[in-house]
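S.K.: Here it is, the structure, as structure tokens.
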Amino acid sequence: MTTFQRIGACALILSTLGGCAVWQPPQPWEKGLLAKEAMTLGGDPLEQRFDLHIMNSKEAASGSGGVGGGGCGCN
Amino acid sequence: MNRLSSLTLALLLSLATTLPAHAVDVGAAAPEVSLAGPRGQVSLSALKGKVVYLDFWASWCGPCRQSFPWMNEMQAKYGAKGLQVVGVNLDAKRPDADKFLAEVPASFTIAFDAAGDTPKRYAIKGMPTSVLVGADGKVLQVHTGFRDDERKALEDAIVAALAAASH
């Protein structure tokens with residue numbers, strides 16, 4: 001096995017260690033499809049906001065809805 | 001090369017692919033923007049000497065829609081004093097941007113970056129993001145989001161940048 005092959009094999013093995021965590025979430029400007037109305041989980045926006053508010057306060061965290069900051073990432 | 005150094009190199013290689021891009025710093029030179037627009041090529045370096053309000057927007061982003069009339073107003077109010085508003089569209093599909101612009105006309109410079117290369121280099125964190133670039137080409141302020149109560153602060157920053165440029 002050459003040095004080059006060894007580095008390659010090590011890199012391959014190490015890159016699998018991260019699993020799905022290696023995949024980057026969509027960038028803020030790539031959330032066009034996620035921003036569509038059909039992509040919202042709940043039906044009623046007001047009810048959804050209410051639920052999210054309760055969840056945020058109980059979990060002591062915000063931005064839990066949707067991907068990386070919630071919805072389209074606007075605001 | 002021994003086994004340990006090849007392991008280290010491999011580890012660094014795999015790490016390099018996962019590290020996020022570094023955000024643009026206030027006071028640093030603004031990365032170059034060179035994009036096609038409906039009225040020809042838009043380039044940040046060509047606007048040196050002017051205060052540039054660089055805004056990253058997309059048709060699907062609600063606050064972006066709200067920011068357009070305000071940006072039109074800023075361009076009308078401070079254009080003669082040396083302000084240039086540049087709206088960089090980040091829609092993956094051009095027709096979406098064209099439809100938006102037909103609904104919400106822009107009286108400032110528009111540029112298209114469907115590939116998302118510019119926002120990547122500016123490492124923007126949300127939509128919309130505005131970058132205020134001084135007359136010397138340096139970043140004065142980076143702002144994410146657009147809310148009604150933020151208009152005043154954003155306008156003040158523009159006024160301050162114009163005042164600094166005229167001295």
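Chains: A, B, ... in order of the structure tokens. Residues: from 1 per chain. Ligands: from 1, in order shown.
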Within 9 Å of chain B, which residues of chain A are there when counting only C-alpha atoms? Please give them as a PyMOL selection string.

M.R.: chain A and resi 3-4+6-12+14-15+22-24+27-33+35-36+69+72-75

S.K.: Would you output that residue set with N, CA and C atoms, as a PDB file, in the first residue's frame?

M.R.:
ATOM      1  N   THR A   3       1.832   5.377   0.294  1.00  0.00           N
ATOM      2  CA  THR A   3       1.463   6.404   1.281  1.00  0.00           C
ATOM      3  C   THR A   3       0.181   7.099   0.864  1.00  0.00           C
ATOM      4  N   PHE A   4       0.097   7.394  -0.429  1.00  0.00           N
ATOM      5  CA  PHE A   4      -1.071   8.101  -0.961  1.00  0.00           C
ATOM      6  C   PHE A   4      -2.354   7.310  -0.728  1.00  0.00           C
ATOM      7  N   ARG A   6      -2.743   5.081   1.550  1.00  0.00           N
ATOM      8  CA  ARG A   6      -2.990   5.015   2.988  1.00  0.00           C
ATOM      9  C   ARG A   6      -3.737   6.271   3.473  1.00  0.00           C
ATOM     10  N   ILE A   7      -3.285   7.439   2.997  1.00  0.00           N
ATOM     11  CA  ILE A   7      -3.952   8.703   3.366  1.00  0.00           C
ATOM     12  C   ILE A   7      -5.405   8.671   2.897  1.00  0.00           C
ATOM     13  N   GLY A   8      -5.576   8.201   1.683  1.00  0.00           N
ATOM     14  CA  GLY A   8      -6.929   8.125   1.098  1.00  0.00           C
ATOM     15  C   GLY A   8      -7.825   7.223   1.915  1.00  0.00           C
ATOM     16  N   ALA A   9      -7.307   6.064   2.302  1.00  0.00           N
ATOM     17  CA  ALA A   9      -8.088   5.096   3.077  1.00  0.00           C
ATOM     18  C   ALA A   9      -8.446   5.665   4.440  1.00  0.00           C
ATOM     19  N   CYS A  10      -7.461   6.350   5.077  1.00  0.00           N
ATOM     20  CA  CYS A  10      -7.702   6.966   6.393  1.00  0.00           C
ATOM     21  C   CYS A  10      -8.760   8.058   6.281  1.00  0.00           C
ATOM     22  N   ALA A  11      -8.657   8.887   5.237  1.00  0.00           N
ATOM     23  CA  ALA A  11      -9.609   9.982   5.044  1.00  0.00           C
ATOM     24  C   ALA A  11     -11.011   9.431   4.855  1.00  0.00           C
ATOM     25  N   LEU A  12     -11.102   8.341   4.108  1.00  0.00           N
ATOM     26  CA  LEU A  12     -12.402   7.718   3.840  1.00  0.00           C
ATOM     27  C   LEU A  12     -13.024   7.210   5.132  1.00  0.00           C
ATOM     28  N   LEU A  14     -12.237   8.149   8.232  1.00  0.00           N
ATOM     29  CA  LEU A  14     -12.524   9.256   9.144  1.00  0.00           C
ATOM     30  C   LEU A  14     -13.756  10.040   8.710  1.00  0.00           C
ATOM     31  N   SER A  15     -13.947  10.163   7.386  1.00  0.00           N
ATOM     32  CA  SER A  15     -15.097  10.946   6.917  1.00  0.00           C
ATOM     33  C   SER A  15     -16.414  10.253   7.250  1.00  0.00           C
ATOM     34  N   VAL A  22     -21.955  15.335   9.166  1.00  0.00           N
ATOM     35  CA  VAL A  22     -21.046  15.954   8.209  1.00  0.00           C
ATOM     36  C   VAL A  22     -21.823  16.812   7.208  1.00  0.00           C
ATOM     37  N   TRP A  23     -23.057  16.365   6.904  1.00  0.00           N
ATOM     38  CA  TRP A  23     -23.860  17.107   5.926  1.00  0.00           C
ATOM     39  C   TRP A  23     -24.254  18.461   6.478  1.00  0.00           C
ATOM     40  N   GLN A  24     -23.999  19.486   5.716  1.00  0.00           N
ATOM     41  CA  GLN A  24     -24.331  20.840   6.139  1.00  0.00           C
ATOM     42  C   GLN A  24     -25.832  21.085   5.945  1.00  0.00           C
ATOM     43  N   GLN A  27     -28.106  26.384   3.354  1.00  0.00           N
ATOM     44  CA  GLN A  27     -27.695  27.755   3.629  1.00  0.00           C
ATOM     45  C   GLN A  27     -28.940  28.657   3.649  1.00  0.00           C
ATOM     46  N   PRO A  28     -28.849  29.836   4.318  1.00  0.00           N
ATOM     47  CA  PRO A  28     -30.023  30.707   4.409  1.00  0.00           C
ATOM     48  C   PRO A  28     -30.668  31.017   3.055  1.00  0.00           C
ATOM     49  N   TRP A  29     -29.826  31.138   2.022  1.00  0.00           N
ATOM     50  CA  TRP A  29     -30.365  31.501   0.709  1.00  0.00           C
ATOM     51  C   TRP A  29     -30.866  30.289  -0.077  1.00  0.00           C
ATOM     52  N   GLU A  30     -30.739  29.095   0.526  1.00  0.00           N
ATOM     53  CA  GLU A  30     -31.186  27.887  -0.168  1.00  0.00           C
ATOM     54  C   GLU A  30     -32.515  27.368   0.379  1.00  0.00           C
ATOM     55  N   LYS A  31     -33.200  28.218   1.161  1.00  0.00           N
ATOM     56  CA  LYS A  31     -34.405  27.756   1.825  1.00  0.00           C
ATOM     57  C   LYS A  31     -35.690  28.128   1.099  1.00  0.00           C
ATOM     58  N   GLY A  32     -35.589  28.388  -0.196  1.00  0.00           N
ATOM     59  CA  GLY A  32     -36.747  28.770  -0.996  1.00  0.00           C
ATOM     60  C   GLY A  32     -37.858  27.744  -0.943  1.00  0.00           C
ATOM     61  N   LEU A  33     -37.499  26.475  -1.072  1.00  0.00           N
ATOM     62  CA  LEU A  33     -38.509  25.422  -1.062  1.00  0.00           C
ATOM     63  C   LEU A  33     -39.073  25.228   0.336  1.00  0.00           C
ATOM     64  N   ALA A  35     -39.489  27.497   2.465  1.00  0.00           N
ATOM     65  CA  ALA A  35     -40.316  28.653   2.804  1.00  0.00           C
ATOM     66  C   ALA A  35     -41.727  28.529   2.250  1.00  0.00           C
ATOM     67  N   LYS A  36     -41.946  27.539   1.376  1.00  0.00           N
ATOM     68  CA  LYS A  36     -43.284  27.375   0.795  1.00  0.00           C
ATOM     69  C   LYS A  36     -44.295  26.998   1.868  1.00  0.00           C
ATOM     70  N   GLY A  69     -32.939  27.427  12.383  1.00  0.00           N
ATOM     71  CA  GLY A  69     -33.418  28.778  12.590  1.00  0.00           C
ATOM     72  C   GLY A  69     -34.900  28.914  12.282  1.00  0.00           C
ATOM     73  N   CYS A  72     -38.025  29.823   6.693  1.00  0.00           N
ATOM     74  CA  CYS A  72     -37.150  30.284   5.627  1.00  0.00           C
ATOM     75  C   CYS A  72     -35.898  30.929   6.185  1.00  0.00           C
ATOM     76  N   GLY A  73     -35.868  31.112   7.512  1.00  0.00           N
ATOM     77  CA  GLY A  73     -34.688  31.739   8.102  1.00  0.00           C
ATOM     78  C   GLY A  73     -34.746  33.245   8.052  1.00  0.00           C
ATOM     79  N   CYS A  74     -35.905  33.770   7.619  1.00  0.00           N
ATOM     80  CA  CYS A  74     -36.084  35.215   7.601  1.00  0.00           C
ATOM     81  C   CYS A  74     -36.320  35.661   9.036  1.00  0.00           C
ATOM     82  N   ASN A  75     -35.596  36.589   9.491  1.00  0.00           N
ATOM     83  CA  ASN A  75     -35.647  37.119  10.867  1.00  0.00           C
ATOM     84  C   ASN A  75     -35.045  36.153  11.887  1.00  0.00           C
TER      85      ASN A  75
END

S.K.: Mind checking DSSP for segment 52-140 of chain B and telling me the strand (DSSP E) residues as number ranges by chain?

M.R.: B: 52-57, 83-89, 109-112, 129-133, 139-140

S.K.: Write out as a ChimeraX atom specification each polymer residue whose atoms come within 12 Å of segment 28-36 of chain B, counting only C-alpha atoms; drop sequence neighbours fewer than 6 positions from it.

M.R.: /B:42-48,51-56,86-90,94,109-123,131-142

S.K.: Please, which residues of chain A, numbered as in this document, come out alpha helix (DSSP H) from DSSP, as an MDAnalysis selection string?

M.R.: chainID A and resid 3:17 45:59

S.K.: Quick check, in Å to one decimal: how far apart do atom CA of Ile54 of chain A and atom CA of Asp149 of chain B lie?

M.R.: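 So the answer is 25.3 Å.
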
S.K.: Suppose you want the space between atom CA of Val24 of chain B and atom CA of Trp70 of chain B; what is it in Å?

M.R.: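 These two atoms are separated by 24.3 Å.
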
S.K.: One number please: atom CA of Ile158 of chain B to atom CA of Ser107 of chain B, in Å, one decimal.

M.R.: 17.4 Å
